[in-house]
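input_39.cif, holding mmCIF, C-alpha atoms, pLDDT in the B column; chains and numbers go by the auth columns:
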```cif
data_model
#
loop_
_atom_site.group_PDB
_atom_site.id
_atom_site.type_symbol
_atom_site.label_atom_id
_atom_site.label_comp_id
_atom_site.label_asym_id
_atom_site.label_seq_id
_atom_site.Cartn_x
_atom_site.Cartn_y
_atom_site.Cartn_z
_atom_site.B_iso_or_equiv
_atom_site.auth_seq_id
_atom_site.auth_asym_id
ATOM 1 C CA MET A 1 0.266 52.266 2.287 48.00 1 A
ATOM 2 C CA LYS A 2 -1.361 49.593 0.259 54.00 2 A
ATOM 3 C CA ASN A 3 -3.923 50.542 -2.348 55.00 3 A
ATOM 4 C CA GLU A 4 -6.672 48.530 -0.644 57.00 4 A
ATOM 5 C CA LEU A 5 -6.314 50.725 2.440 62.00 5 A
ATOM 6 C CA LEU A 6 -6.982 53.881 0.457 69.00 6 A
ATOM 7 C CA LYS A 7 -10.614 54.843 0.096 72.00 7 A
ATOM 8 C CA LYS A 8 -11.904 57.174 -2.581 78.00 8 A
ATOM 9 C CA VAL A 9 -13.932 60.175 -1.503 80.00 9 A
ATOM 10 C CA SER A 10 -17.519 60.035 -2.694 82.00 10 A
ATOM 11 C CA MET A 11 -19.484 62.959 -4.062 86.00 11 A
ATOM 12 C CA ILE A 12 -21.831 62.750 -1.068 86.00 12 A
ATOM 13 C CA GLU A 13 -18.903 63.231 1.330 87.00 13 A
ATOM 14 C CA LEU A 14 -17.718 66.252 -0.649 89.00 14 A
ATOM 15 C CA PHE A 15 -21.204 67.739 -0.655 89.00 15 A
ATOM 16 C CA TYR A 16 -21.455 67.103 3.097 89.00 16 A
ATOM 17 C CA ASP A 17 -18.197 69.014 3.561 91.00 17 A
ATOM 18 C CA LEU A 18 -19.561 71.856 1.443 92.00 18 A
ATOM 19 C CA VAL A 19 -22.644 72.090 3.662 92.00 19 A
ATOM 20 C CA PHE A 20 -20.348 72.442 6.680 91.00 20 A
ATOM 21 C CA VAL A 21 -18.360 75.155 4.911 93.00 21 A
ATOM 22 C CA TYR A 22 -21.648 77.016 4.462 93.00 22 A
ATOM 23 C CA MET A 23 -22.402 76.585 8.162 91.00 23 A
ATOM 24 C CA ILE A 24 -19.006 77.928 9.214 91.00 24 A
ATOM 25 C CA SER A 25 -19.485 80.919 6.897 90.00 25 A
ATOM 26 C CA GLN A 26 -22.828 81.598 8.600 89.00 26 A
ATOM 27 C CA VAL A 27 -21.227 81.297 12.039 88.00 27 A
ATOM 28 C CA THR A 28 -18.533 83.844 11.219 88.00 28 A
ATOM 29 C CA GLY A 29 -21.334 86.361 10.722 84.00 29 A
ATOM 30 C CA LEU A 30 -21.726 86.336 14.509 80.00 30 A
ATOM 31 C CA ILE A 31 -18.352 87.989 15.036 84.00 31 A
ATOM 32 C CA HIS A 32 -18.352 90.046 11.857 78.00 32 A
ATOM 33 C CA HIS A 33 -20.221 93.012 13.299 72.00 33 A
ATOM 34 C CA LEU A 34 -18.338 94.983 15.910 71.00 34 A
ATOM 35 C CA GLN A 35 -19.919 97.239 18.495 72.00 35 A
ATOM 36 C CA ASN A 36 -17.571 100.168 19.133 77.00 36 A
ATOM 37 C CA GLY A 37 -14.678 98.090 17.796 78.00 37 A
ATOM 38 C CA VAL A 38 -15.332 95.188 20.176 82.00 38 A
ATOM 39 C CA ILE A 39 -17.023 91.821 19.781 82.00 39 A
ATOM 40 C CA SER A 40 -19.766 91.454 22.371 80.00 40 A
ATOM 41 C CA PRO A 41 -19.136 88.732 24.968 82.00 41 A
ATOM 42 C CA SER A 42 -22.456 87.017 24.195 81.00 42 A
ATOM 43 C CA ALA A 43 -21.694 86.930 20.446 81.00 43 A
ATOM 44 C CA LEU A 44 -18.210 85.560 21.117 85.00 44 A
ATOM 45 C CA SER A 45 -19.495 82.867 23.480 86.00 45 A
ATOM 46 C CA ILE A 46 -22.253 81.816 21.053 85.00 46 A
ATOM 47 C CA PHE A 47 -19.717 81.789 18.210 88.00 47 A
ATOM 48 C CA THR A 48 -17.409 79.541 20.244 91.00 48 A
ATOM 49 C CA LEU A 49 -20.230 77.209 21.253 89.00 49 A
ATOM 50 C CA VAL A 50 -21.619 76.877 17.726 88.00 50 A
ATOM 51 C CA VAL A 51 -18.158 76.298 16.216 91.00 51 A
ATOM 52 C CA ILE A 52 -17.329 73.588 18.771 93.00 52 A
ATOM 53 C CA VAL A 53 -20.634 71.768 18.172 90.00 53 A
ATOM 54 C CA SER A 54 -20.256 72.101 14.393 90.00 54 A
ATOM 55 C CA ILE A 55 -16.653 70.951 14.178 92.00 55 A
ATOM 56 C CA ASN A 56 -17.312 68.075 16.567 92.00 56 A
ATOM 57 C CA SER A 57 -20.266 66.844 14.492 90.00 57 A
ATOM 58 C CA TRP A 58 -18.267 67.168 11.281 91.00 58 A
ATOM 59 C CA MET A 59 -15.328 65.237 12.753 92.00 59 A
ATOM 60 C CA VAL A 60 -17.524 62.370 13.991 90.00 60 A
ATOM 61 C CA GLN A 61 -19.181 62.079 10.564 89.00 61 A
ATOM 62 C CA THR A 62 -15.822 62.253 8.771 88.00 62 A
ATOM 63 C CA VAL A 63 -14.319 59.515 10.932 88.00 63 A
ATOM 64 C CA PHE A 64 -17.381 57.366 10.251 87.00 64 A
ATOM 65 C CA ASN A 65 -17.120 57.942 6.492 84.00 65 A
ATOM 66 C CA ASN A 66 -13.395 57.211 6.425 83.00 66 A
ATOM 67 C CA ARG A 67 -13.606 54.064 8.497 82.00 67 A
ATOM 68 C CA TYR A 68 -17.019 52.527 7.820 80.00 68 A
ATOM 69 C CA GLY A 69 -18.652 54.537 5.036 76.00 69 A
ATOM 70 C CA LYS A 70 -19.948 52.560 2.086 77.00 70 A
ATOM 71 C CA SER A 71 -22.265 53.409 -0.766 75.00 71 A
ATOM 72 C CA GLN A 72 -25.209 51.730 0.919 79.00 72 A
ATOM 73 C CA TRP A 73 -28.668 53.262 0.756 85.00 73 A
ATOM 74 C CA SER A 74 -28.806 53.631 4.531 82.00 74 A
ATOM 75 C CA ASN A 75 -25.589 55.678 4.573 82.00 75 A
ATOM 76 C CA VAL A 76 -26.703 57.814 1.640 85.00 76 A
ATOM 77 C CA ILE A 77 -30.119 58.538 3.127 90.00 77 A
ATOM 78 C CA LEU A 78 -28.713 59.325 6.575 89.00 78 A
ATOM 79 C CA SER A 79 -26.072 61.571 4.991 88.00 79 A
ATOM 80 C CA PHE A 80 -28.784 63.583 3.241 91.00 80 A
ATOM 81 C CA VAL A 81 -30.769 63.778 6.480 93.00 81 A
ATOM 82 C CA ASP A 82 -27.609 65.010 8.230 92.00 82 A
ATOM 83 C CA MET A 83 -27.080 67.634 5.529 92.00 83 A
ATOM 84 C CA ALA A 84 -30.648 68.888 5.946 93.00 84 A
ATOM 85 C CA ILE A 85 -30.121 69.143 9.709 93.00 85 A
ATOM 86 C CA VAL A 86 -26.855 71.032 9.219 92.00 86 A
ATOM 87 C CA LEU A 87 -28.546 73.436 6.804 92.00 87 A
ATOM 88 C CA TYR A 88 -31.215 74.079 9.425 91.00 88 A
ATOM 89 C CA MET A 89 -28.545 74.552 12.090 89.00 89 A
ATOM 90 C CA SER A 90 -26.785 77.068 9.822 88.00 90 A
ATOM 91 C CA ASN A 91 -29.675 79.477 10.235 85.00 91 A
ATOM 92 C CA ALA A 92 -30.877 78.514 13.721 83.00 92 A
ATOM 93 C CA PHE A 93 -28.758 80.822 15.839 78.00 93 A
ATOM 94 C CA SER A 94 -28.376 84.515 16.482 73.00 94 A
ATOM 95 C CA ASP A 95 -25.936 86.660 18.420 67.00 95 A
ATOM 96 C CA THR A 96 -28.038 86.581 21.598 68.00 96 A
ATOM 97 C CA PHE A 97 -29.109 83.802 23.905 67.00 97 A
ATOM 98 C CA ASP A 98 -32.718 83.514 22.805 72.00 98 A
ATOM 99 C CA ARG A 99 -35.221 80.961 21.562 73.00 99 A
ATOM 100 C CA HIS A 100 -33.303 80.480 18.278 73.00 100 A
ATOM 101 C CA LEU A 101 -30.454 78.846 20.148 80.00 101 A
ATOM 102 C CA ILE A 102 -32.813 76.185 21.525 86.00 102 A
ATOM 103 C CA GLY A 103 -33.658 75.143 17.963 86.00 103 A
ATOM 104 C CA PHE A 104 -29.955 74.916 17.207 87.00 104 A
ATOM 105 C CA PHE A 105 -29.369 72.561 20.138 88.00 105 A
ATOM 106 C CA ILE A 106 -32.386 70.408 19.247 92.00 106 A
ATOM 107 C CA ALA A 107 -31.018 70.099 15.701 92.00 107 A
ATOM 108 C CA ALA A 108 -27.552 69.294 17.091 92.00 108 A
ATOM 109 C CA GLY A 109 -29.126 66.543 19.199 94.00 109 A
ATOM 110 C CA LEU A 110 -30.887 65.134 16.126 95.00 110 A
ATOM 111 C CA LEU A 111 -27.607 65.234 14.231 93.00 111 A
ATOM 112 C CA SER A 112 -25.909 63.320 17.043 93.00 112 A
ATOM 113 C CA LEU A 113 -28.776 60.813 16.991 95.00 113 A
ATOM 114 C CA THR A 114 -28.398 60.156 13.253 94.00 114 A
ATOM 115 C CA LEU A 115 -24.651 59.727 13.689 91.00 115 A
ATOM 116 C CA ALA A 116 -25.278 57.243 16.501 92.00 116 A
ATOM 117 C CA ILE A 117 -27.738 55.365 14.266 92.00 117 A
ATOM 118 C CA GLN A 118 -25.080 55.111 11.557 90.00 118 A
ATOM 119 C CA TYR A 119 -22.592 53.649 14.026 87.00 119 A
ATOM 120 C CA LEU A 120 -25.241 51.288 15.413 89.00 120 A
ATOM 121 C CA LEU A 121 -26.086 50.009 11.916 88.00 121 A
ATOM 122 C CA VAL A 122 -22.408 49.247 11.297 85.00 122 A
ATOM 123 C CA PHE A 123 -22.167 47.498 14.657 83.00 123 A
ATOM 124 C CA VAL A 124 -25.173 45.296 13.897 84.00 124 A
ATOM 125 C CA GLN A 125 -24.147 44.530 10.296 81.00 125 A
ATOM 126 C CA THR A 126 -20.507 43.670 10.989 78.00 126 A
ATOM 127 C CA LYS A 127 -19.970 39.993 11.622 72.00 127 A
ATOM 128 C CA ASN A 128 -16.245 39.693 12.316 65.00 128 A
ATOM 129 C CA GLU A 129 -14.642 40.780 15.552 59.00 129 A
ATOM 130 C CA TYR A 130 -11.906 42.923 13.971 59.00 130 A
ATOM 131 C CA GLY A 131 -14.214 45.092 11.872 55.00 131 A
ATOM 132 C CA ARG A 132 -16.598 45.772 14.730 55.00 132 A
ATOM 133 C CA LEU A 133 -16.592 48.856 16.838 52.00 133 A
ATOM 134 C CA GLN A 134 -15.047 48.281 20.214 54.00 134 A
ATOM 135 C CA ILE A 135 -17.629 49.295 22.810 51.00 135 A
#
```

Take the structure from the file and write it as structure tokens.
Amino acid sequence: MKNELLKKVSMIELFYDLVFVYMISQVTGLIHHLQNGVISPSALSIFTLVVIVSINSWMVQTVFNNRYGKSQWSNVILSFVDMAIVLYMSNAFSDTFDRHLIGFFIAAGLLSLTLAIQYLLVFVQTKNEYGRLQI
């Protein structure tokens, strides 16, 4: 690989990853407590759902950072907004299907919206055909 293809990891990206590590540690609390030696089906299904949403959001943000991320104010601000949403999501679920899970999904929708805004900003700002997203 050429050196110009390599991109250095910024401190914001590392902090973003750390916030996701915190979220995953919170999610594992769902399956930590056993009832008679068994994980309850509702806790296991919520754990699976929350992990899939979390990992998917993290992967989309990571791909964006690796391909289009720059140290622009818009990216920095949206990254901090994303981190705040992820911190909220980290505490917005419980081991039962109740009203807390609705807050988690609203936050996940907001996180998806901010990620879409980041991609849209890159699409609008990119002038050449090869650097643009292919829609």

message: What's around region 63-75 of chain A at 8 Å? Count all atoms listed in the file, leave out sequence neighbours fewer than 6 positions away in its own chain, and write the answer as a PyMOL selection string.
response: chain A and resi 7+13+118-119+122

task: Kindly give the distance, in Å, that separates CA of Val9 (chain A) and CA of Phe80 (chain A), rounded to a single decimal.
output: 16.0 Å

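The gap separating CA of Gly103 (chain A) from CA of Val50 (chain A) is 12.2 Å, in Å to one decimal.
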
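Considering only C-alpha atoms, the residue among A:Ser112, A:Ser79, A:Ser57, A:Thr126 positioned nearest to Met23 (chain A) is A:Ser57.
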
Using the file's own x, y and z axes, so that the box edges lie along x, y and z, what centre and edge lengths in Å (one decimal) does a box around every listed atom of region 101-104 of chain A get when 6 Å is added on each side? Give it as JSON.
```
{"center_x": -31.8, "center_y": 76.9, "center_z": 19.4, "size_x": 15.7, "size_y": 15.9, "size_z": 16.3}
```

message: I need the residue nearest Asp82 (chain A) from this list: A:Ile12, A:His33, A:Lys127, A:Leu49. Use all atoms listed in the file for the distance.
response: A:Ile12

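In this structure, CA of Phe105 (chain A) sits 17.5 Å away from CA of Gln61 (chain A).
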
All residues 10 Å or closer to Ser94 (chain A), all atoms listed in the file, same chain fewer than 5 positions away omitted, as a PyMOL selection string: chain A and resi 27+29-30+43+46-47+99-101+104

Selection near Leu18 (chain A), 12 Å with only C-alpha atoms, sequence-local residues under 5 positions removed, as JSON, numbers by chain: {"A": [11, 12, 13, 23, 24, 25, 58, 83, 86, 87]}

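Nearest residue to Tyr16 (chain A) among A:Val81, A:Ile52, A:Val38, A:Ala116 is A:Val81, counting all atoms listed in the file.
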